[in-house]
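Here's work22.tsv, which has TSV, C-alpha atoms:
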chain	number	residue	atom	x	y	z
A	1	MET	CA	-80.68	-153.23	-186.29
A	2	ASN	CA	-82.19	-151.40	-189.26
A	3	ASP	CA	-83.99	-148.62	-187.46
A	4	THR	CA	-84.65	-145.53	-189.56
A	5	LEU	CA	-82.27	-142.63	-188.93
A	6	ILE	CA	-84.29	-139.41	-189.03
A	7	ASN	CA	-81.41	-136.93	-189.19
A	8	ASP	CA	-77.70	-137.53	-189.46
A	9	THR	CA	-74.90	-135.39	-188.09
A	10	SER	CA	-71.54	-136.18	-186.55
A	11	ASP	CA	-71.13	-132.81	-184.87
A	12	GLU	CA	-71.22	-133.39	-181.07
A	13	LEU	CA	-72.81	-130.02	-180.40
A	14	ALA	CA	-75.48	-130.52	-183.03
A	15	PRO	CA	-78.87	-132.04	-182.31
A	16	ARG	CA	-78.76	-135.75	-181.70
A	17	GLN	CA	-79.53	-138.35	-184.30
A	18	MET	CA	-83.12	-139.55	-183.85
A	19	TYR	CA	-84.40	-143.02	-184.66
A	20	VAL	CA	-87.69	-144.70	-185.47
A	21	LEU	CA	-87.46	-147.98	-183.58
A	22	GLU	CA	-88.59	-151.15	-185.30
A	23	GLU	CA	-89.86	-154.24	-183.48
A	24	THR	CA	-86.96	-156.57	-182.67
A	25	GLY	CA	-88.84	-159.74	-181.74
A	26	PHE	CA	-88.09	-159.10	-178.08
A	27	ASN	CA	-91.05	-160.38	-176.06
A	28	GLU	CA	-89.97	-160.25	-172.42
A	29	VAL	CA	-91.59	-156.96	-171.40
A	30	PRO	CA	-95.13	-155.60	-172.01
A	31	ARG	CA	-95.88	-155.03	-175.70
A	32	LYS	CA	-95.80	-151.22	-175.47
A	33	PHE	CA	-92.13	-151.30	-174.38
A	34	ARG	CA	-90.79	-154.15	-176.55
A	35	ARG	CA	-89.19	-152.09	-179.35
A	36	PHE	CA	-86.89	-150.46	-176.75
A	37	TYR	CA	-85.03	-153.72	-176.11
A	38	ARG	CA	-83.41	-156.54	-178.04
A	39	LYS	CA	-81.36	-159.62	-177.36
A	40	TRP	CA	-77.59	-159.18	-177.59
A	41	GLY	CA	-75.56	-161.55	-179.74
A	42	GLY	CA	-72.33	-161.03	-177.77
A	43	PRO	CA	-69.18	-159.05	-178.60
A	44	SER	CA	-69.55	-159.72	-182.33
A	45	ASP	CA	-72.97	-158.02	-182.33
A	46	PRO	CA	-72.29	-154.31	-182.95
A	47	LEU	CA	-74.28	-151.66	-181.14
A	48	ALA	CA	-75.89	-148.71	-182.91
A	49	PRO	CA	-75.35	-145.18	-181.53
A	50	ASN	CA	-78.75	-145.42	-179.83
A	51	GLU	CA	-77.98	-148.71	-178.06
A	52	VAL	CA	-76.16	-149.83	-174.92
A	53	VAL	CA	-75.89	-153.23	-173.18
A	54	CYS	CA	-77.29	-153.70	-169.67
A	55	PRO	CA	-74.41	-154.91	-167.46
A	56	VAL	CA	-76.84	-156.84	-165.21
A	57	CYS	CA	-78.79	-158.96	-167.70
A	58	LYS	CA	-76.99	-158.38	-171.04
A	59	ILE	CA	-80.07	-157.18	-172.90
A	60	VAL	CA	-79.55	-154.34	-175.40
A	61	ILE	CA	-81.34	-151.16	-174.34
A	62	ARG	CA	-82.47	-148.92	-177.22
A	63	SER	CA	-83.33	-145.26	-177.31
A	64	LEU	CA	-85.23	-143.02	-179.72
A	65	GLN	CA	-82.15	-140.81	-179.83
A	66	GLU	CA	-78.40	-141.24	-180.11
A	67	LEU	CA	-77.04	-141.88	-176.62
A	68	ARG	CA	-74.44	-139.67	-174.99
A	69	VAL	CA	-72.46	-139.73	-171.74
A	70	GLY	CA	-74.67	-138.85	-168.78
A	71	ASP	CA	-77.92	-140.11	-170.29
A	72	LYS	CA	-80.18	-142.16	-168.02
A	73	VAL	CA	-81.89	-145.25	-169.41
A	74	TYR	CA	-83.93	-148.05	-167.88
A	75	CYS	CA	-83.57	-151.80	-168.34
A	76	MET	CA	-87.09	-153.12	-167.83
A	77	PRO	CA	-86.24	-156.84	-168.20
A	78	CYS	CA	-84.10	-156.69	-165.02
A	79	MET	CA	-85.48	-153.47	-163.44
A	80	SER	CA	-82.16	-151.61	-163.48
A	81	ARG	CA	-81.67	-147.86	-163.70
A	82	LEU	CA	-78.55	-147.10	-165.69
A	83	ILE	CA	-76.35	-144.17	-166.59
A	84	VAL	CA	-74.38	-143.98	-169.84
A	85	GLU	CA	-70.61	-143.60	-169.50
A	86	GLU	CA	-67.61	-143.81	-171.80
A	87	GLU	CA	-65.05	-146.58	-171.45
A	88	ASN	CA	-62.16	-147.00	-173.88
A	89	GLY	CA	-63.94	-144.87	-176.44
A	90	LEU	CA	-67.18	-146.91	-176.24
A	91	LEU	CA	-70.46	-146.07	-174.56
A	92	VAL	CA	-71.26	-148.41	-171.67
A	93	ALA	CA	-74.02	-148.47	-169.07
A	94	ARG	CA	-73.38	-148.41	-165.32
A	95	VAL	CA	-76.02	-149.34	-162.75
A	96	ASN	CA	-77.33	-146.32	-160.89
A	97	TYR	CA	-78.88	-147.78	-157.73
B	1	MET	CA	-102.09	-142.70	-180.38
B	2	ALA	CA	-98.85	-144.67	-180.58
B	3	ASP	CA	-99.01	-148.32	-179.53
B	4	TRP	CA	-95.70	-147.86	-177.69
B	5	GLN	CA	-94.39	-145.79	-174.82
B	6	ASP	CA	-90.83	-144.54	-174.24
B	7	PRO	CA	-89.73	-146.20	-170.96
B	8	HIS	CA	-86.71	-143.92	-170.64
B	9	LYS	CA	-89.00	-140.90	-170.18
B	10	LEU	CA	-90.50	-142.35	-166.97
B	11	SER	CA	-89.52	-140.81	-163.66
B	12	GLU	CA	-87.65	-143.14	-161.29
B	13	GLY	CA	-90.77	-143.53	-159.19
B	14	GLU	CA	-92.92	-144.31	-162.21
B	15	PHE	CA	-90.35	-146.81	-163.45
B	16	LEU	CA	-90.21	-148.70	-160.14
B	17	ASP	CA	-93.99	-148.70	-159.79
B	18	GLN	CA	-94.26	-150.05	-163.33
B	19	VAL	CA	-91.69	-152.87	-163.12
B	20	HIS	CA	-92.74	-154.04	-159.66
B	21	SER	CA	-96.40	-154.32	-160.65
B	22	PHE	CA	-98.42	-157.43	-161.26
B	23	GLU	CA	-99.72	-155.80	-164.44
B	24	PHE	CA	-96.17	-155.50	-165.82
B	25	TRP	CA	-95.49	-159.13	-164.90
B	26	PHE	CA	-98.70	-160.32	-166.55
B	27	GLU	CA	-98.01	-158.54	-169.86
B	28	ALA	CA	-94.35	-159.63	-169.83
B	29	VAL	CA	-94.92	-163.35	-169.30
B	30	GLU	CA	-97.74	-163.31	-171.86
B	31	GLY	CA	-95.05	-162.52	-174.44
B	32	TYR	CA	-92.97	-165.63	-173.94
B	33	LEU	CA	-95.27	-168.17	-172.27
B	34	HIS	CA	-98.75	-167.86	-173.76
B	35	ASP	CA	-98.30	-170.59	-176.40
B	36	ARG	CA	-96.06	-172.83	-174.28
B	37	PRO	CA	-98.01	-175.06	-171.91
B	38	TYR	CA	-95.60	-176.43	-169.30
B	39	GLY	CA	-92.93	-174.15	-170.76
B	40	PHE	CA	-92.37	-175.71	-174.19
B	41	ASP	CA	-93.79	-175.84	-177.69
B	42	PRO	CA	-96.33	-178.69	-177.65
B	43	ASN	CA	-95.25	-179.64	-181.19
B	44	ALA	CA	-91.62	-180.15	-180.15
B	45	VAL	CA	-90.46	-183.74	-180.46
B	46	ASP	CA	-88.39	-185.20	-177.63
B	47	GLU	CA	-84.86	-186.28	-178.52
B	48	GLU	CA	-83.58	-189.81	-178.08
B	49	MET	CA	-81.16	-189.96	-175.14
B	50	ASP	CA	-78.87	-192.76	-174.05
B	51	ASP	CA	-79.23	-193.95	-170.44
B	52	ARG	CA	-76.16	-192.11	-169.19
B	53	ARG	CA	-77.25	-188.77	-170.61
B	54	LYS	CA	-80.79	-189.22	-169.34
B	55	ASP	CA	-79.57	-190.12	-165.85
B	56	GLY	CA	-77.34	-187.03	-165.71
B	57	LEU	CA	-80.23	-184.85	-166.84
B	58	ILE	CA	-82.57	-186.34	-164.20
B	59	THR	CA	-80.03	-185.63	-161.43
B	60	THR	CA	-79.61	-182.09	-162.72
B	61	LEU	CA	-83.35	-181.42	-162.90
B	62	CYS	CA	-83.84	-182.85	-159.40
B	63	ASN	CA	-81.34	-180.33	-158.04
B	64	TYR	CA	-82.91	-177.50	-160.05
B	65	CYS	CA	-86.15	-178.47	-158.26
B	66	ILE	CA	-84.42	-178.05	-154.89
B	67	GLY	CA	-83.18	-174.59	-155.88
B	68	GLU	CA	-86.64	-173.59	-157.10
B	69	THR	CA	-88.31	-174.98	-153.94
B	70	ALA	CA	-85.88	-172.93	-151.84
B	71	ALA	CA	-86.77	-169.81	-153.83
B	72	LEU	CA	-90.51	-170.56	-153.65
B	73	GLU	CA	-90.50	-171.03	-149.88
B	74	ALA	CA	-88.18	-168.08	-149.28
B	75	SER	CA	-89.92	-165.56	-151.55
B	76	SER	CA	-93.36	-166.43	-150.15
B	77	GLY	CA	-92.03	-166.03	-146.60
B	78	MET	CA	-90.41	-162.68	-147.43
B	79	ILE	CA	-93.72	-161.09	-148.42
B	80	GLY	CA	-94.63	-160.89	-144.72
B	81	PHE	CA	-91.71	-158.63	-143.83
B	82	ALA	CA	-91.02	-156.85	-147.13
B	83	PRO	CA	-90.28	-153.17	-146.50
B	84	ASP	CA	-92.98	-151.71	-148.77
B	85	ARG	CA	-96.04	-152.54	-150.87
B	86	ALA	CA	-94.17	-152.49	-154.20
B	87	SER	CA	-91.73	-155.13	-152.89
B	88	GLN	CA	-94.63	-157.21	-151.58
B	89	ILE	CA	-96.34	-157.09	-154.96
B	90	PHE	CA	-93.11	-157.90	-156.81
B	91	LEU	CA	-92.46	-160.85	-154.49
B	92	SER	CA	-95.97	-162.14	-155.15
B	93	THR	CA	-95.06	-162.31	-158.87
B	94	GLN	CA	-91.83	-164.09	-157.96
B	95	VAL	CA	-93.79	-166.65	-155.94
B	96	VAL	CA	-95.91	-167.38	-159.01
B	97	ASP	CA	-92.77	-167.69	-161.15
B	98	GLU	CA	-91.08	-170.07	-158.72
B	99	GLY	CA	-94.21	-172.22	-158.42
B	100	ARG	CA	-94.38	-172.45	-162.20
B	101	HIS	CA	-90.69	-173.36	-162.43
B	102	LEU	CA	-91.17	-176.18	-159.98
B	103	GLU	CA	-94.22	-177.44	-161.84
B	104	VAL	CA	-92.59	-177.49	-165.29
B	105	LEU	CA	-89.41	-179.10	-163.96
B	106	ILE	CA	-91.38	-181.87	-162.22
B	107	ARG	CA	-93.41	-182.34	-165.40
B	108	ARG	CA	-90.15	-182.71	-167.35
B	109	LEU	CA	-88.93	-185.34	-164.87
B	110	GLN	CA	-92.14	-187.27	-165.46
B	111	MET	CA	-91.66	-187.02	-169.23
B	112	LEU	CA	-88.21	-188.54	-168.74
B	113	GLY	CA	-89.82	-191.55	-167.04
B	114	VAL	CA	-89.47	-190.59	-163.37
B	115	LYS	CA	-92.48	-192.21	-161.66
B	116	ASP	CA	-92.09	-190.59	-158.23
B	117	PRO	CA	-90.41	-187.19	-158.62
B	118	GLU	CA	-90.51	-186.39	-154.88
B	119	ALA	CA	-88.61	-189.56	-153.98
B	120	GLU	CA	-86.18	-189.04	-156.86
B	121	ILE	CA	-85.47	-185.44	-155.79
B	122	ASP	CA	-84.77	-186.64	-152.22
B	123	ALA	CA	-82.51	-189.41	-153.45
B	124	ARG	CA	-80.45	-187.24	-155.79
B	125	ALA	CA	-80.25	-184.08	-153.67
B	126	ASN	CA	-76.92	-182.33	-153.47
B	127	LYS	CA	-75.93	-181.84	-149.80
B	128	SER	CA	-74.42	-178.39	-150.38
B	129	LEU	CA	-77.62	-177.17	-151.98
B	130	LEU	CA	-79.72	-178.58	-149.13
B	131	ARG	CA	-77.47	-176.76	-146.67
B	132	PHE	CA	-77.89	-173.54	-148.64
B	133	LYS	CA	-81.68	-173.96	-148.62
B	134	GLU	CA	-81.67	-174.54	-144.86
B	135	ARG	CA	-79.62	-171.39	-144.21
B	136	LEU	CA	-81.72	-169.29	-146.63
B	137	LEU	CA	-84.92	-170.31	-144.82
B	138	GLU	CA	-83.30	-169.51	-141.46
B	139	LEU	CA	-82.57	-165.99	-142.73
B	140	VAL	CA	-86.19	-165.69	-143.86
B	141	ASP	CA	-87.46	-166.99	-140.50
B	142	SER	CA	-85.39	-164.34	-138.74
B	143	GLN	CA	-87.06	-161.69	-140.95
B	144	ASP	CA	-83.69	-160.27	-141.99
B	145	TRP	CA	-84.71	-158.56	-145.24
B	146	GLU	CA	-81.26	-157.59	-146.54
B	147	ALA	CA	-79.73	-160.99	-145.77
B	148	ALA	CA	-82.66	-162.85	-147.33
B	149	VAL	CA	-82.63	-160.72	-150.49
B	150	PHE	CA	-78.88	-161.15	-150.77
B	151	ALA	CA	-78.96	-164.92	-150.30
B	152	GLN	CA	-81.94	-165.53	-152.54
B	153	ASN	CA	-82.10	-162.83	-155.20
B	154	VAL	CA	-78.37	-162.19	-155.59
B	155	ILE	CA	-76.54	-165.44	-154.75
B	156	LEU	CA	-79.08	-168.11	-155.73
B	157	GLU	CA	-80.74	-166.30	-158.65
B	158	SER	CA	-77.47	-165.09	-160.23
B	159	LEU	CA	-75.97	-168.54	-160.18
B	160	GLU	CA	-79.15	-170.22	-161.43
B	161	TYR	CA	-79.33	-167.63	-164.20
B	162	THR	CA	-75.81	-168.48	-165.36
B	163	VAL	CA	-76.23	-172.25	-165.13
B	164	PHE	CA	-79.64	-172.32	-166.84
B	165	ARG	CA	-78.43	-170.01	-169.61
B	166	ASN	CA	-75.54	-172.37	-170.33
B	167	HIS	CA	-77.78	-175.42	-170.12
B	168	VAL	CA	-80.15	-173.83	-172.69
B	169	GLN	CA	-77.29	-173.84	-175.20
B	170	THR	CA	-76.30	-177.47	-174.68
B	171	GLY	CA	-79.51	-179.20	-173.62
B	172	ASP	CA	-82.10	-181.20	-175.54
B	173	LYS	CA	-84.80	-179.18	-177.28
B	174	ILE	CA	-87.62	-179.51	-174.75
B	175	THR	CA	-85.45	-178.98	-171.65
B	176	SER	CA	-83.85	-175.96	-173.34
B	177	GLN	CA	-87.21	-174.38	-174.11
B	178	ILE	CA	-88.36	-174.90	-170.52
B	179	LEU	CA	-85.14	-173.39	-169.17
B	180	GLN	CA	-85.29	-170.43	-171.56
B	181	GLY	CA	-88.61	-169.37	-170.01
B	182	ILE	CA	-87.13	-169.77	-166.53
B	183	VAL	CA	-84.03	-167.71	-167.46
B	184	THR	CA	-86.27	-164.86	-168.59
B	185	ASP	CA	-88.06	-164.91	-165.23
B	186	GLU	CA	-84.73	-165.05	-163.37
B	187	ARG	CA	-83.68	-161.74	-164.96
B	188	ARG	CA	-86.40	-160.00	-162.99
B	189	HIS	CA	-85.58	-161.81	-159.75
B	190	MET	CA	-81.85	-161.12	-159.77
B	191	GLY	CA	-82.35	-157.55	-161.03
B	192	PHE	CA	-84.79	-156.89	-158.20
B	193	GLY	CA	-82.27	-158.20	-155.66
B	194	GLU	CA	-79.26	-156.31	-156.95
B	195	ASN	CA	-81.13	-153.03	-157.30
B	196	ASP	CA	-82.91	-153.29	-153.95
B	197	LEU	CA	-79.67	-154.03	-152.12
B	198	GLY	CA	-77.76	-151.42	-154.10
B	199	ARG	CA	-80.22	-148.74	-152.98
B	200	ARG	CA	-80.01	-149.91	-149.35
B	201	LEU	CA	-76.21	-150.10	-149.29
B	202	ARG	CA	-76.01	-146.59	-150.71
B	203	VAL	CA	-77.86	-145.13	-147.71
B	204	ALA	CA	-76.65	-147.63	-145.09
B	205	PRO	CA	-73.08	-148.66	-146.00
B	206	HIS	CA	-72.58	-150.19	-142.54
B	207	MET	CA	-74.66	-153.17	-143.77
B	208	HIS	CA	-71.79	-154.14	-146.02
B	209	ASP	CA	-69.77	-156.11	-143.45
B	210	ARG	CA	-72.77	-158.11	-142.28
B	211	LEU	CA	-73.71	-159.09	-145.85
B	212	ASP	CA	-70.10	-159.86	-146.69
B	213	LYS	CA	-70.10	-162.44	-143.90
B	214	ILE	CA	-73.23	-164.06	-145.34
B	215	LYS	CA	-71.70	-164.04	-148.80
B	216	ARG	CA	-68.58	-165.82	-147.57
B	217	GLU	CA	-70.69	-168.44	-145.82
B	218	LEU	CA	-73.18	-169.14	-148.59
B	219	ASP	CA	-71.91	-168.54	-152.09
B	220	GLY	CA	-69.45	-171.45	-151.96
B	221	LEU	CA	-72.34	-173.84	-151.31
B	222	VAL	CA	-74.20	-172.81	-154.46
B	223	LEU	CA	-71.07	-172.60	-156.59
B	224	ALA	CA	-70.01	-176.12	-155.56
B	225	THR	CA	-73.45	-177.46	-156.47
B	226	PHE	CA	-73.56	-175.94	-159.90
B	227	LYS	CA	-70.00	-176.94	-160.75
B	228	GLN	CA	-71.11	-180.48	-160.04
B	229	THR	CA	-74.21	-179.90	-162.17
B	230	LEU	CA	-72.12	-178.99	-165.17
B	231	GLY	CA	-70.17	-182.22	-164.70
B	232	GLU	CA	-73.43	-184.20	-164.71
B	233	LEU	CA	-74.39	-182.50	-167.95
B	234	GLY	CA	-71.02	-183.37	-169.47
B	235	ILE	CA	-69.98	-179.70	-169.73
B	236	GLU	CA	-66.44	-179.92	-168.40
B	237	GLY	CA	-62.90	-178.90	-169.22
B	238	PRO	CA	-62.08	-175.92	-171.41
B	239	LYS	CA	-65.66	-175.74	-172.71
B	240	ALA	CA	-67.05	-175.25	-169.21
B	241	PRO	CA	-68.35	-171.71	-168.62
B	242	ASP	CA	-66.91	-169.54	-165.89
B	243	LEU	CA	-69.85	-170.03	-163.55
B	244	ALA	CA	-68.74	-167.42	-161.10
B	245	HIS	CA	-68.28	-164.68	-163.70
B	246	ASP	CA	-71.78	-163.13	-163.75
B	247	TYR	CA	-72.20	-163.63	-160.03
B	248	LEU	CA	-68.85	-162.04	-159.17
B	249	ASN	CA	-69.64	-159.11	-161.45
B	250	ALA	CA	-72.95	-158.61	-159.63
B	251	VAL	CA	-71.41	-158.66	-156.16
B	252	ALA	CA	-68.53	-156.45	-157.35
B	253	ARG	CA	-71.09	-153.85	-158.52
B	254	LEU	CA	-72.51	-153.98	-154.99
B	255	GLY	CA	-69.03	-153.40	-153.54
B	256	PHE	CA	-68.13	-156.92	-152.41
B	257	GLU	CA	-64.72	-158.41	-153.07
B	258	SER	CA	-64.27	-162.02	-154.08
Just give me the structure as structure tokens.
Amino acid sequence: MNDTLINDTSDELAPRQMYVLEETGFNEVPRKFRRFYRKWGGPSDPLAPNEVVCPVCKIVIRSLQELRVGDKVYCMPCMSRLIVEEENGLLVARVNY
Amino acid sequence: MADWQDPHKLSEGEFLDQVHSFEFWFEAVEGYLHDRPYGFDPNAVDEEMDDRRKDGLITTLCNYCIGETAALEASSGMIGFAPDRASQIFLSTQVVDEGRHLEVLIRRLQMLGVKDPEAEIDARANKSLLRFKERLLELVDSQDWEAAVFAQNVILESLEYTVFRNHVQTGDKITSQILQGIVTDERRHMGFGENDLGRRLRVAPHMHDRLDKIKRELDGLVLATFKQTLGELGIEGPKAPDLAHDYLNAVARLGFES
């Protein structure tokens, strides 16, 4: 995606990178929530630091800020509550029932 | 005021109230169905199909109708013994979805030249799927919420989701558009099931063994049906998707072994 990065830092202790989310064409949730999701193109579709794939329905969940381990996000298309974890150096989402 | 709202800032209660609501459903389906009467672009032109391909597609759609009828009858029955209002309201949206699925699939059968869809569905019904439907409705009749949610929203919906998603990629244009709308609906249904059961198993882990028994009885019936479906669609051999993959991942997240 080409969302606008508001500030940029690689220091883990520094404030997180913030994003202005653009519309993605995703139309499967109410309009006010659509920019927070996009379709995933599979393993060849890279994720931005503010994105994680829902393990239940494979939709990309997007945040206004860079995601870090322990963050909670919601997948509205499949109603899942998720927690961000690290797996093999990548951020992944695990369902938090 | 912004025309968007950050969903990740909602409390868990607010999130569940939101996604289980009829209002959420209405605004969601408006996004992908409003310009698609009977589930497809009215300007789409139907593809030429040879008799063999058309016959395979008709058999497949007839069995999709059986799956959707099972879900329609089960979800409407479950409203009466759902554990709370939010689940009742969500199930009422699922009933509408399932009724729509049945309608658009029957309409597609008619477009393919089937004069009497009811008779054709009876004639081409897969016995395993009929058996699954019978058992699902028995679980609903016995008002066993966890078993009914597991059979319908986890087993049936997960497998339909996988099969329909694969069919979208290989099907003719109109059938694919119809199925794409159904797949989007199925995301909600299977997500509801997995999350509802996940919450229940967390506080009542003793339910696990009972549901595991149901899983072992029922999932083979649906898997066998959809493997046959892929054969009817000509999706076989190395190109055939691993049908069980998404389903097994879902039940593994709930703590069930294959």
Requested in this report: Determine, counting only C-alpha atoms, which protein, DNA and RNA residues have an atom within 9 Å of an atom of segment 95-109 of chain B; residues of the same chain fewer than 4 positions away are not included. Present the result as a count of residues only.
Outcome: 33
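For the atom pair formed by atom CA of Lys227 of chain B and atom CA of Ser158 of chain B, the distance is 14.0 Å, given to one decimal.
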Query raised in the report: Can you list, as a ChimeraX atom specification, every protein, DNA or RNA residue that comes within 12 Å of Leu21 of chain A when you count all atoms listed in the file, leaving out same-chain residues fewer than 5 positions away?
Result: /A:1-6,33-38,48,50-51,61-66 /B:4-6
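For the choices A:Val69, A:Val29, A:Arg16, A:Asp45, the atom-to-atom distance to chain B is smallest for A:Val29 when using only C-alpha atoms.
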**Report entry** Residues of chain A within 12 Å of chain B, counting only C-alpha atoms, as a PyMOL selection string
**Finding:** chain A and resi 20-23+25-37+39+54-59+61-65+67+71-83+94-97
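Nearest-residue note for Ser258 of chain B: choosing from B:Asp141, B:Asp116, B:Glu232, B:Asp219, the minimum distance belongs to B:Asp219, counting all atoms listed in the file.
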Query raised in the report: Quick one: distance from atom CA of Asp242 of chain B to atom CA of Leu221 of chain B in Å, one decimal?
Result: 16.1 Å
**Report entry** Non-local contacts of Leu211 of chain B (12 Å; only C-alpha atoms; under 5 positions in same chain excluded) as a PyMOL selection string
**Finding:** chain B and resi 139+144-151+154-155+197-198+200-201+204-206+216-219+251+254-257
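Once Val92 of chain A and its same-chain neighbours fewer than 4 positions away are set aside, Val52, Val53, Val84, Glu85, Glu86 and Glu87 of chain A remain within 7 Å of it when counting only C-alpha atoms.
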May I have the selected residues written with C-alpha atoms, as a short mmCIF file (atom, residue, chain, number, x, y, z; two decimals), keeping the file's coordinate frame?
data_model
loop_
_atom_site.label_atom_id
_atom_site.label_comp_id
_atom_site.auth_asym_id
_atom_site.auth_seq_id
_atom_site.Cartn_x
_atom_site.Cartn_y
_atom_site.Cartn_z
CA VAL A 52 -76.16 -149.83 -174.92
CA VAL A 53 -75.89 -153.23 -173.18
CA VAL A 84 -74.38 -143.98 -169.84
CA GLU A 85 -70.61 -143.60 -169.50
CA GLU A 86 -67.61 -143.81 -171.80
CA GLU A 87 -65.05 -146.58 -171.45
#
